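Dropping data27.pdb in here (PDB, C-alpha atoms):
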ATOM      1  CA  MET U   1       3.946 -10.590 -22.076
ATOM      2  CA  LYS U   2       6.477  -8.023 -20.972
ATOM      3  CA  PHE U   3       6.493  -6.785 -17.384
ATOM      4  CA  ALA U   4       8.109  -3.802 -15.712
ATOM      5  CA  VAL U   5       9.257  -4.085 -12.089
ATOM      6  CA  VAL U   6       9.556  -0.544 -10.748
ATOM      7  CA  ASN U   7      12.566   0.044  -8.537
ATOM      8  CA  PHE U   8      12.159   2.747  -5.869
ATOM      9  CA  PRO U   9      14.910   3.795  -3.459
ATOM     10  CA  GLY U  10      14.406   1.284  -0.643
ATOM     11  CA  SER U  11      12.586  -1.414  -2.644
ATOM     12  CA  ASN U  12      13.899  -4.811  -1.555
ATOM     13  CA  CYS U  13      11.614  -7.372  -3.208
ATOM     14  CA  ASP U  14      12.322  -6.173  -6.742
ATOM     15  CA  MET U  15      14.540  -9.152  -7.589
ATOM     16  CA  ASP U  16      12.054 -11.627  -6.088
ATOM     17  CA  LEU U  17       9.390 -10.253  -8.423
ATOM     18  CA  TYR U  18      11.835 -10.178 -11.324
ATOM     19  CA  TYR U  19      12.594 -13.885 -10.874
ATOM     20  CA  ALA U  20       8.916 -14.714 -10.325
ATOM     21  CA  ILE U  21       8.295 -13.464 -13.866
ATOM     22  CA  LYS U  22      11.515 -14.678 -15.455
ATOM     23  CA  ASN U  23      11.703 -18.167 -13.937
ATOM     24  CA  GLY U  24       8.223 -18.663 -12.481
ATOM     25  CA  ILE U  25       6.198 -17.950 -15.625
ATOM     26  CA  LYS U  26       9.032 -17.467 -18.130
ATOM     27  CA  GLN U  27       7.989 -14.088 -19.466
ATOM     28  CA  GLU U  28       9.958 -10.977 -20.373
ATOM     29  CA  VAL U  29      10.756  -8.652 -17.481
ATOM     30  CA  GLU U  30      12.796  -5.491 -16.926
ATOM     31  CA  LEU U  31      13.669  -3.449 -13.855
ATOM     32  CA  VAL U  32      12.557   0.146 -14.386
ATOM     33  CA  ASP U  33      13.979   3.063 -12.421
ATOM     34  CA  TYR U  34      11.564   5.290 -10.466
ATOM     35  CA  ARG U  35      12.876   8.296 -12.416
ATOM     36  CA  ALA U  36      11.894   6.774 -15.769
ATOM     37  CA  LEU U  37       9.257   8.718 -17.705
ATOM     38  CA  SER U  38       7.789   5.961 -19.831
ATOM     39  CA  LEU U  39       6.404   2.439 -19.540
ATOM     40  CA  GLU U  40       5.927   2.229 -23.288
ATOM     41  CA  GLY U  41       6.152  -1.322 -24.581
ATOM     42  CA  PHE U  42       5.193  -3.027 -21.313
ATOM     43  CA  ASP U  43       1.987  -5.032 -20.789
ATOM     44  CA  GLY U  44       2.003  -4.932 -17.007
ATOM     45  CA  VAL U  45       3.654  -3.010 -14.191
ATOM     46  CA  LEU U  46       4.658  -4.592 -10.884
ATOM     47  CA  ILE U  47       5.381  -2.547  -7.754
ATOM     48  CA  PRO U  48       7.555  -4.497  -5.336
ATOM     49  CA  GLY U  49       7.736  -4.675  -1.573
ATOM     50  CA  GLY U  50      10.324  -2.999   0.589
ATOM     51  CA  PHE U  51      10.656   0.296   2.393
ATOM     52  CA  SER U  52      10.582   2.986  -0.281
ATOM     53  CA  TYR U  53      12.135   6.161   1.112
ATOM     54  CA  GLY U  54      12.580   4.387   4.437
ATOM     55  CA  ASP U  55       8.813   4.585   5.068
ATOM     56  CA  TYR U  56       9.375   8.288   5.837
ATOM     57  CA  LEU U  57       6.178  10.273   6.494
ATOM     58  CA  ARG U  58       3.868   7.249   5.848
ATOM     59  CA  SER U  59       4.703   4.031   4.047
ATOM     60  CA  GLY U  60       4.418   4.680   0.318
ATOM     61  CA  ALA U  61       3.732   8.417   0.697
ATOM     62  CA  ILE U  62       6.934   9.775  -0.846
ATOM     63  CA  ALA U  63       7.076   7.126  -3.562
ATOM     64  CA  ALA U  64       3.652   8.336  -4.720
ATOM     65  CA  HIS U  65       5.341  11.580  -5.861
ATOM     66  CA  VAL U  66       8.123  10.416  -8.200
ATOM     67  CA  PRO U  67       8.287  10.700 -12.027
ATOM     68  CA  ILE U  68       7.239   7.124 -12.908
ATOM     69  CA  VAL U  69       3.886   7.377 -11.104
ATOM     70  CA  LYS U  70       2.293   9.350 -13.955
ATOM     71  CA  GLU U  71       2.856   6.303 -16.122
ATOM     72  CA  ILE U  72       1.553   3.919 -13.460
ATOM     73  CA  ILE U  73      -1.630   6.022 -13.269
ATOM     74  CA  ARG U  74      -1.924   5.988 -17.071
ATOM     75  CA  PHE U  75      -1.570   2.174 -17.030
ATOM     76  CA  ALA U  76      -4.302   1.867 -14.422
ATOM     77  CA  ASP U  77      -6.613   4.263 -16.297
ATOM     78  CA  GLU U  78      -6.113   2.408 -19.584
ATOM     79  CA  GLY U  79      -7.135  -0.873 -17.970
ATOM     80  CA  LYS U  80      -3.649  -2.373 -18.124
ATOM     81  CA  LEU U  81      -2.387  -4.672 -15.428
ATOM     82  CA  VAL U  82      -0.959  -3.116 -12.246
ATOM     83  CA  LEU U  83       0.109  -5.267  -9.276
ATOM     84  CA  GLY U  84       1.413  -3.844  -6.003
ATOM     85  CA  ILE U  85       2.730  -6.161  -3.315
ATOM     86  CA  CYS U  86       3.284  -5.066   0.303
ATOM     87  CA  ASN U  87       4.962  -1.645  -0.028
ATOM     88  CA  GLY U  88       3.575  -1.704  -3.576
ATOM     89  CA  PHE U  89       0.051  -1.965  -2.117
ATOM     90  CA  GLN U  90       0.823   0.934   0.232
ATOM     91  CA  ILE U  91       2.033   3.021  -2.735
ATOM     92  CA  LEU U  92      -1.142   2.219  -4.747
ATOM     93  CA  THR U  93      -3.383   3.415  -1.897
ATOM     94  CA  GLU U  94      -1.286   6.568  -1.468
ATOM     95  CA  LEU U  95      -1.685   7.170  -5.209
ATOM     96  CA  GLY U  96      -5.443   6.819  -4.871
ATOM     97  CA  LEU U  97      -5.507   3.961  -7.392
ATOM     98  CA  LEU U  98      -6.902   1.753  -4.627
ATOM     99  CA  PRO U  99      -9.252   2.937  -1.848
ATOM    100  CA  GLY U 100      -8.385   3.003   1.870
ATOM    101  CA  ALA U 101      -5.003   2.985   3.581
ATOM    102  CA  LEU U 102      -2.492   0.671   5.241
ATOM    103  CA  ILE U 103      -1.752   1.693   8.816
ATOM    104  CA  PRO U 104       0.496   0.251  11.553
ATOM    105  CA  ASN U 105      -0.466  -3.251  12.708
ATOM    106  CA  GLU U 106      -2.936  -3.406  15.590
ATOM    107  CA  LYS U 107      -0.192  -4.717  17.840
ATOM    108  CA  SER U 108       2.774  -2.470  16.984
ATOM    109  CA  ARG U 109       4.933  -5.358  15.870
ATOM    110  CA  PHE U 110       6.495  -6.404  12.576
ATOM    111  CA  ILE U 111       4.836  -9.623  11.420
ATOM    112  CA  CYS U 112       6.949 -12.056   9.389
ATOM    113  CA  GLU U 113       5.369 -15.481   8.899
ATOM    114  CA  ASN U 114       3.457 -17.728   6.531
ATOM    115  CA  VAL U 115      -0.281 -17.154   6.743
ATOM    116  CA  ASP U 116      -3.398 -18.743   5.289
ATOM    117  CA  LEU U 117      -5.442 -16.619   2.922
ATOM    118  CA  LYS U 118      -8.854 -17.262   1.471
ATOM    119  CA  VAL U 119      -9.421 -16.485  -2.203
ATOM    120  CA  ILE U 120     -12.599 -14.402  -2.093
ATOM    121  CA  ASN U 121     -12.799 -13.442  -5.751
ATOM    122  CA  ASN U 122     -11.337 -15.877  -8.278
ATOM    123  CA  GLN U 123     -12.881 -14.037 -11.227
ATOM    124  CA  THR U 124     -10.076 -11.491 -11.637
ATOM    125  CA  ILE U 125      -7.164 -11.605 -14.080
ATOM    126  CA  PHE U 126      -4.912 -12.206 -11.065
ATOM    127  CA  THR U 127      -6.825 -15.092  -9.489
ATOM    128  CA  ARG U 128      -8.647 -17.042 -12.188
ATOM    129  CA  ASP U 129      -6.447 -20.129 -11.702
ATOM    130  CA  TYR U 130      -7.460 -20.426  -8.034
ATOM    131  CA  GLN U 131     -10.615 -22.197  -6.891
ATOM    132  CA  ALA U 132     -13.353 -20.110  -5.272
ATOM    133  CA  SER U 133     -12.749 -20.008  -1.492
ATOM    134  CA  GLU U 134      -9.434 -21.841  -1.924
ATOM    135  CA  ILE U 135      -7.147 -21.543   1.109
ATOM    136  CA  ILE U 136      -3.581 -20.649   0.146
ATOM    137  CA  ASN U 137      -0.444 -20.281   2.231
ATOM    138  CA  ILE U 138       1.598 -17.133   1.496
ATOM    139  CA  PRO U 139       4.272 -15.285   3.521
ATOM    140  CA  VAL U 140       3.677 -11.831   4.992
ATOM    141  CA  ALA U 141       6.359  -9.403   6.202
ATOM    142  CA  HIS U 142       5.028  -6.039   7.295
ATOM    143  CA  GLY U 143       4.763  -3.534  10.129
ATOM    144  CA  GLU U 144       2.114  -1.378   8.448
ATOM    145  CA  GLY U 145      -0.264  -3.854   6.881
ATOM    146  CA  ARG U 146      -3.488  -3.132   8.658
ATOM    147  CA  TYR U 147      -6.035  -2.325   5.974
ATOM    148  CA  TYR U 148      -8.350   0.523   6.910
ATOM    149  CA  CYS U 149     -11.237   2.204   5.112
ATOM    150  CA  ASP U 150     -14.482   3.842   6.201
ATOM    151  CA  GLU U 151     -17.809   2.007   6.292
ATOM    152  CA  ALA U 152     -19.055   3.429   2.994
ATOM    153  CA  THR U 153     -15.893   2.332   1.206
ATOM    154  CA  LEU U 154     -16.123  -1.142   2.725
ATOM    155  CA  MET U 155     -19.710  -1.456   1.450
ATOM    156  CA  GLU U 156     -18.533  -0.481  -2.018
ATOM    157  CA  LEU U 157     -15.659  -2.977  -1.923
ATOM    158  CA  LYS U 158     -18.125  -5.724  -1.078
ATOM    159  CA  GLN U 159     -20.752  -4.688  -3.609
ATOM    160  CA  ASN U 160     -18.202  -4.586  -6.425
ATOM    161  CA  ASP U 161     -16.438  -7.840  -5.426
ATOM    162  CA  GLN U 162     -13.204  -5.915  -4.979
ATOM    163  CA  ILE U 163     -12.049  -7.938  -1.967
ATOM    164  CA  VAL U 164      -9.774 -10.592  -3.450
ATOM    165  CA  PHE U 165      -7.925 -12.090  -0.462
ATOM    166  CA  GLN U 166      -8.832 -12.274   3.230
ATOM    167  CA  TYR U 167      -6.681 -13.495   6.131
ATOM    168  CA  GLN U 168      -8.037 -16.668   7.699
ATOM    169  CA  GLU U 169      -6.829 -15.328  11.040
ATOM    170  CA  ASN U 170      -6.782 -11.552  11.438
ATOM    171  CA  ILE U 171      -3.045 -11.114  12.053
ATOM    172  CA  ASN U 172      -2.816  -7.310  11.870
ATOM    173  CA  GLY U 173      -6.278  -5.950  12.676
ATOM    174  CA  SER U 174      -7.333  -5.292   9.082
ATOM    175  CA  ILE U 175     -10.948  -4.273   8.587
ATOM    176  CA  ASP U 176     -12.967  -7.290   7.374
ATOM    177  CA  GLN U 177      -9.675  -9.323   7.466
ATOM    178  CA  ILE U 178      -8.722  -7.785   4.121
ATOM    179  CA  ALA U 179      -5.364  -8.890   2.688
ATOM    180  CA  GLY U 180      -5.816  -7.788  -0.928
ATOM    181  CA  ILE U 181      -8.206  -5.693  -3.035
ATOM    182  CA  THR U 182      -8.639  -4.546  -6.613
ATOM    183  CA  ASN U 183      -9.914  -1.291  -8.043
ATOM    184  CA  LYS U 184     -13.438  -1.199  -9.472
ATOM    185  CA  GLN U 185     -12.227  -2.121 -12.962
ATOM    186  CA  LYS U 186     -10.264  -5.072 -11.477
ATOM    187  CA  ASN U 187      -7.063  -4.335 -13.403
ATOM    188  CA  VAL U 188      -5.205  -3.022 -10.334
ATOM    189  CA  LEU U 189      -4.479  -5.432  -7.462
ATOM    190  CA  GLY U 190      -2.828  -4.538  -4.165
ATOM    191  CA  MET U 191      -2.008  -7.147  -1.538
ATOM    192  CA  MET U 192       0.114  -7.265   1.620
ATOM    193  CA  PRO U 193       1.171 -10.956   1.383
ATOM    194  CA  HIS U 194       4.059 -11.879  -0.924
ATOM    195  CA  PRO U 195       3.057 -14.380  -3.659
ATOM    196  CA  GLU U 196       6.478 -13.864  -5.295
ATOM    197  CA  ARG U 197       8.033 -15.521  -2.231
ATOM    198  CA  ALA U 198       5.838 -18.603  -2.585
ATOM    199  CA  LEU U 199       6.810 -20.097  -5.930
ATOM    200  CA  GLU U 200       8.593 -23.295  -4.901
ATOM    201  CA  LYS U 201       7.593 -26.008  -2.449
ATOM    202  CA  ILE U 202      11.186 -26.268  -1.249
ATOM    203  CA  LEU U 203      10.860 -22.707   0.071
ATOM    204  CA  GLY U 204       7.699 -23.540   2.015
ATOM    205  CA  SER U 205       4.862 -23.003  -0.464
ATOM    206  CA  ASP U 206       4.214 -22.679  -4.179
ATOM    207  CA  ASP U 207       0.718 -21.249  -3.708
ATOM    208  CA  GLY U 208       1.822 -17.879  -5.133
ATOM    209  CA  LEU U 209       2.636 -19.310  -8.542
ATOM    210  CA  LYS U 210      -1.019 -19.514  -9.631
ATOM    211  CA  LEU U 211      -1.365 -15.747  -9.255
ATOM    212  CA  PHE U 212       1.278 -15.170 -11.907
ATOM    213  CA  GLN U 213      -0.003 -18.053 -14.051
ATOM    214  CA  SER U 214      -3.502 -16.558 -13.916
ATOM    215  CA  ILE U 215      -2.208 -13.400 -15.584
ATOM    216  CA  ILE U 216      -0.571 -15.347 -18.391
ATOM    217  CA  ASN U 217      -3.514 -17.663 -18.941
ATOM    218  CA  TYR U 218      -5.907 -14.723 -19.024
ATOM    219  CA  GLN U 219      -3.743 -13.081 -21.670
ATOM    220  CA  ARG U 220      -3.661 -16.264 -23.744
ATOM    221  CA  VAL U 221      -7.412 -16.676 -23.707
ATOM    222  CA  ASN U 222      -8.108 -13.021 -24.475
ATOM    223  CA  ASN U 223      -5.593 -12.413 -27.270
TER
ATOM    224  CA  MET T   1       9.745  34.861   6.183
ATOM    225  CA  LYS T   2       6.501  33.045   6.826
ATOM    226  CA  LEU T   3       6.549  30.014   9.090
ATOM    227  CA  VAL T   4       3.715  27.514   8.766
ATOM    228  CA  LYS T   5       3.301  25.024  11.610
ATOM    229  CA  VAL T   6       1.393  21.951  10.469
ATOM    230  CA  TYR T   7      -0.061  19.337  12.830
ATOM    231  CA  VAL T   8      -1.253  15.990  11.488
ATOM    232  CA  THR T   9      -3.164  13.503  13.644
ATOM    233  CA  LEU T  10      -5.082  10.296  13.071
ATOM    234  CA  LYS T  11      -8.852  10.550  12.789
ATOM    235  CA  ASP T  12     -10.706   9.409  15.897
ATOM    236  CA  SER T  13     -12.093   6.433  13.970
ATOM    237  CA  VAL T  14      -8.573   5.061  13.356
ATOM    238  CA  LEU T  15      -6.858   3.157  16.170
ATOM    239  CA  ASP T  16      -3.635   4.924  17.188
ATOM    240  CA  ALA T  17      -1.523   1.842  17.960
ATOM    241  CA  GLN T  18       1.580   3.891  18.773
ATOM    242  CA  GLY T  19      -0.364   6.259  21.028
ATOM    243  CA  GLU T  20      -1.800   3.245  22.873
ATOM    244  CA  ALA T  21       1.680   1.737  23.360
ATOM    245  CA  ILE T  22       3.042   5.067  24.638
ATOM    246  CA  LYS T  23       0.072   5.425  26.984
ATOM    247  CA  SER T  24       0.705   2.019  28.532
ATOM    248  CA  ALA T  25       4.405   2.910  28.965
ATOM    249  CA  ILE T  26       3.512   6.151  30.748
ATOM    250  CA  ASN T  27       1.062   4.268  32.980
ATOM    251  CA  THR T  28       3.878   1.821  33.775
ATOM    252  CA  MET T  29       6.027   4.806  34.807
ATOM    253  CA  GLY T  30       3.473   5.316  37.546
ATOM    254  CA  TYR T  31       1.311   8.062  36.052
ATOM    255  CA  ASN T  32      -1.871   6.107  36.486
ATOM    256  CA  GLN T  33      -4.244   8.998  35.926
ATOM    257  CA  LEU T  34      -3.117   9.447  32.331
ATOM    258  CA  THR T  35      -6.106   8.285  30.293
ATOM    259  CA  GLY T  36      -5.056   8.823  26.700
ATOM    260  CA  VAL T  37      -2.175   9.562  24.302
ATOM    261  CA  HIS T  38      -2.623  10.608  20.688
ATOM    262  CA  MET T  39       0.490  10.639  18.578
ATOM    263  CA  GLY T  40       0.776  12.907  15.567
ATOM    264  CA  LYS T  41       3.268  14.618  13.304
ATOM    265  CA  TYR T  42       4.537  18.177  13.348
ATOM    266  CA  PHE T  43       6.020  20.019  10.369
ATOM    267  CA  GLU T  44       7.536  23.474   9.957
ATOM    268  CA  LEU T  45       7.283  24.886   6.461
ATOM    269  CA  ASN T  46       9.179  28.052   5.535
ATOM    270  CA  PHE T  47       7.957  30.336   2.785
ATOM    271  CA  SER T  48       9.191  33.656   1.468
ATOM    272  CA  GLU T  49       7.483  36.737   2.910
ATOM    273  CA  ASP T  50       5.774  37.695  -0.373
ATOM    274  CA  TYR T  51       4.436  34.194  -1.118
ATOM    275  CA  GLU T  52       1.027  34.443  -2.762
ATOM    276  CA  ASN T  53      -1.878  32.054  -2.227
ATOM    277  CA  LEU T  54      -0.146  30.655   0.834
ATOM    278  CA  GLU T  55      -3.211  29.081   2.448
ATOM    279  CA  HIS T  56      -4.365  27.576  -0.821
ATOM    280  CA  ASP T  57      -0.984  25.993  -1.431
ATOM    281  CA  VAL T  58      -0.504  24.789   2.153
ATOM    282  CA  ASP T  59      -3.907  23.092   1.940
ATOM    283  CA  ALA T  60      -2.822  21.389  -1.283
ATOM    284  CA  ILE T  61       0.503  20.267   0.231
ATOM    285  CA  CYS T  62      -1.308  18.846   3.270
ATOM    286  CA  ASP T  63      -4.037  17.144   1.232
ATOM    287  CA  GLU T  64      -1.676  15.625  -1.307
ATOM    288  CA  LEU T  65       1.322  14.712   0.819
ATOM    289  CA  LEU T  66       1.651  15.618   4.503
ATOM    290  CA  ALA T  67      -1.670  14.028   5.518
ATOM    291  CA  ASN T  68      -3.577  11.073   4.103
ATOM    292  CA  PRO T  69      -7.215  12.215   4.134
ATOM    293  CA  ASN T  70      -8.368   8.584   4.408
ATOM    294  CA  ILE T  71      -6.955   8.283   7.915
ATOM    295  CA  GLU T  72      -5.667  11.668   9.076
ATOM    296  CA  THR T  73      -6.740  15.254   9.700
ATOM    297  CA  TYR T  74      -4.522  18.318   9.901
ATOM    298  CA  HIS T  75      -4.525  21.918  10.990
ATOM    299  CA  TYR T  76      -1.908  24.640  10.730
ATOM    300  CA  GLU T  77      -0.893  28.094  11.940
ATOM    301  CA  ILE T  78       0.736  30.716   9.778
ATOM    302  CA  THR T  79       3.203  32.829  11.765
ATOM    303  CA  GLU T  80       5.837  35.443  11.044
ATOM    304  CA  GLU T  81       9.257  34.013  11.654
ATOM    305  CA  ALA T  82      11.418  36.158  13.926
TER
END
Would you put the structure from the file into structure tokens?
Amino acid sequence: MKFAVVNFPGSNCDMDLYYAIKNGIKQEVELVDYRALSLEGFDGVLIPGGFSYGDYLRSGAIAAHVPIVKEIIRFADEGKLVLGICNGFQILTELGLLPGALIPNEKSRFICENVDLKVINNQTIFTRDYQASEIINIPVAHGEGRYYCDEATLMELKQNDQIVFQYQENINGSIDQIAGITNKQKNVLGMMPHPERALEKILGSDDGLKLFQSIINYQRVNN
Amino acid sequence: MKLVKVYVTLKDSVLDAQGEAIKSAINTMGYNQLTGVHMGKYFELNFSEDYENLEHDVDAICDELLANPNIETYHYEITEEA
């Protein structure tokens, strides 16, 4: 598989994601500039964490209006794989590819720590290598990670099994302890925690590796 | 020149964490009768005098960029700039 990591002004987890693909699952990967007009030839697009445009206006708001987003939307519409992590998740909600919004943490404080997540849906292309209800330890680093949506949207998320990860302890005040969701078609995943920072035990946890392996194994089985 | 003043605030259903923090700071200053602070954003947009469909376009700019309809509401005033 060949992955694109989109580089926005202010992205700072682009190289972490790049190495997660290159070394973690040994697949092809390229950094793609936010001004690029095409994602032709790629099988998946990854939107990294960071502070695109300095979080001006709202986190992810300005990045949702740059040239590459037309291609990201096309990818999502065609059922191709789109993964947004942290600021990437914020950008996907601002684009309307995922429902709801990420707002400042309940206690106005930047949270940077390893947290336990529960795998709620292990039937997606991103999570099929995890056990159902498996508890995994993944780092978070965000000031605006509190997931918010209205009641009707929350009902829909539940009915369609779109909630993929929940915090074991509600660190930021997210509704229903949501840490990661997919779109209805389940080809677009957004999550606040950083699986690309949890690939090696020596760095604290390798629980993020299975997320990337899931993608590859899914591809193998289905091609 | 037309001047459009846009105000964006969080919906009542969304907790305004910054407003709450500011409120507690003001209470600490001794203003104990202050019961609420809501923080928002203010924008000034300048348009040429003969701009057509101004309201239509300002609505679109607010809906698509300045406000996130999932969490925020907005209102604006169109004024003549001196």
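Summary of the local environment: counting only C-alpha atoms, residues at most 12 Å from Ile26 in chain T, other than itself and those fewer than 6 positions away along its chain, are Gly19, Glu20, Asn32, Gln33, Leu34, Thr35, Gly36 and Val37 of chain T.
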Run the ChimeraX specification (/U :<9) & /T mentally over the shown coordinates, then write out the matched residues as a ChimeraX atom specification, using the chain letters and numbers from the document.
-> /T:13-18,21,41,65-68,70-71
For each of U:Ile163, U:Leu98, U:Val140, U:Met155, take the minimum atom-to-atom distance to Gln123 in chain U, counting all atoms listed in the file, then give the residue where this is smallest.
->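 For Gln123 in chain U, the nearest of the given residues is U:Ile163.
CA of Glu30 in chain U is found 7.4 Å from CA of Tyr18 in chain U.
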With distances taken over all atoms listed in the file, which of U:Lys22, U:Arg146, U:Lys118, U:Arg128 is nearest to Tyr218 in chain U?
->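 Closest to Tyr218 in chain U of all the choices is U:Arg128.
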What is the CA of Asp63 in chain T-CA of Met191 in chain U distance in Å, reported with one decimal?
->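 Straight-line distance from CA of Asp63 in chain T to CA of Met191 in chain U works out to 24.5 Å.
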Quick one: apply the PyMOL selection byres ((chain U and resi 219) around 12) to the file and drop the selected residues here as a PyMOL selection string.
-> chain U and resi 1-2+27+43-44+80-81+124-126+128+212-218+220-223
Using all atoms listed in the file: which of T:Ser48, T:Ser24, T:Thr73, T:Asn53 has the shortest distance to Val6 in chain T = T:Thr73
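This file, queried with the PyMOL selection byres ((chain T and resi 49-52) around 12), gives the residues Met1, Lys2, Leu3, Val4, Asn46, Phe47, Ser48, Asn53, Leu54, Glu55, His56, Asp57, Val58, Ile78, Thr79, Glu80, Glu81 and Ala82 of chain T.
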Name the residues, using the chain letters and numbers of the file, that sit within 6 Å of (2.5, -13.0, -6.5) when counting only C-alpha atoms, and give them as a ChimeraX atom specification.
-> /U:194-196,208,211-212
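For the pair CA of Ser38 in chain U and CA of Phe89 in chain U, the separation is 20.9 Å.
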Would you compute an axis-aligned box for range 65-69 of chain U, covering every atom listed for it in the file with 3 Å of margin on each side, and report centre and edge lengths in Å to one decimal as JSON?
{"center_x": 6.1, "center_y": 9.4, "center_z": -9.4, "size_x": 10.4, "size_y": 10.5, "size_z": 13.0}
Just want the 10 Å neighbourhood of Met15 in chain U, counted on all atoms listed in the file, with same-chain residues fewer than 5 positions away dropped. Output as a JSON list (two decimals) with C-alpha atoms, in the coordinates of the input.
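Produced file selection_13.json, reproduced below:
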[["chain", "number", "residue", "atom", "x", "y", "z"],
["U", 5, "VAL", "CA", 9.26, -4.08, -12.09],
["U", 7, "ASN", "CA", 12.57, 0.04, -8.54],
["U", 20, "ALA", "CA", 8.92, -14.71, -10.32],
["U", 21, "ILE", "CA", 8.30, -13.46, -13.87],
["U", 31, "LEU", "CA", 13.67, -3.45, -13.86],
["U", 48, "PRO", "CA", 7.56, -4.50, -5.34],
["U", 196, "GLU", "CA", 6.48, -13.86, -5.30]]
Which residues are close to Gly40 in chain T, i.e. within 7 Å by all atoms listed in the file, leaving aside same-chain residues fewer than 2 positions away? Reply as a compact mmCIF listing (two decimals) with C-alpha atoms, in the frame of the given file.
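Output contents, as saved in out22.txt:
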# COMPACT_ATOMS: atom_id res chain seq x y z
CA VAL T 8 -1.25 15.99 11.49
CA THR T 9 -3.16 13.50 13.64
CA LEU T 10 -5.08 10.30 13.07
CA HIS T 38 -2.62 10.61 20.69
CA TYR T 42 4.54 18.18 13.35
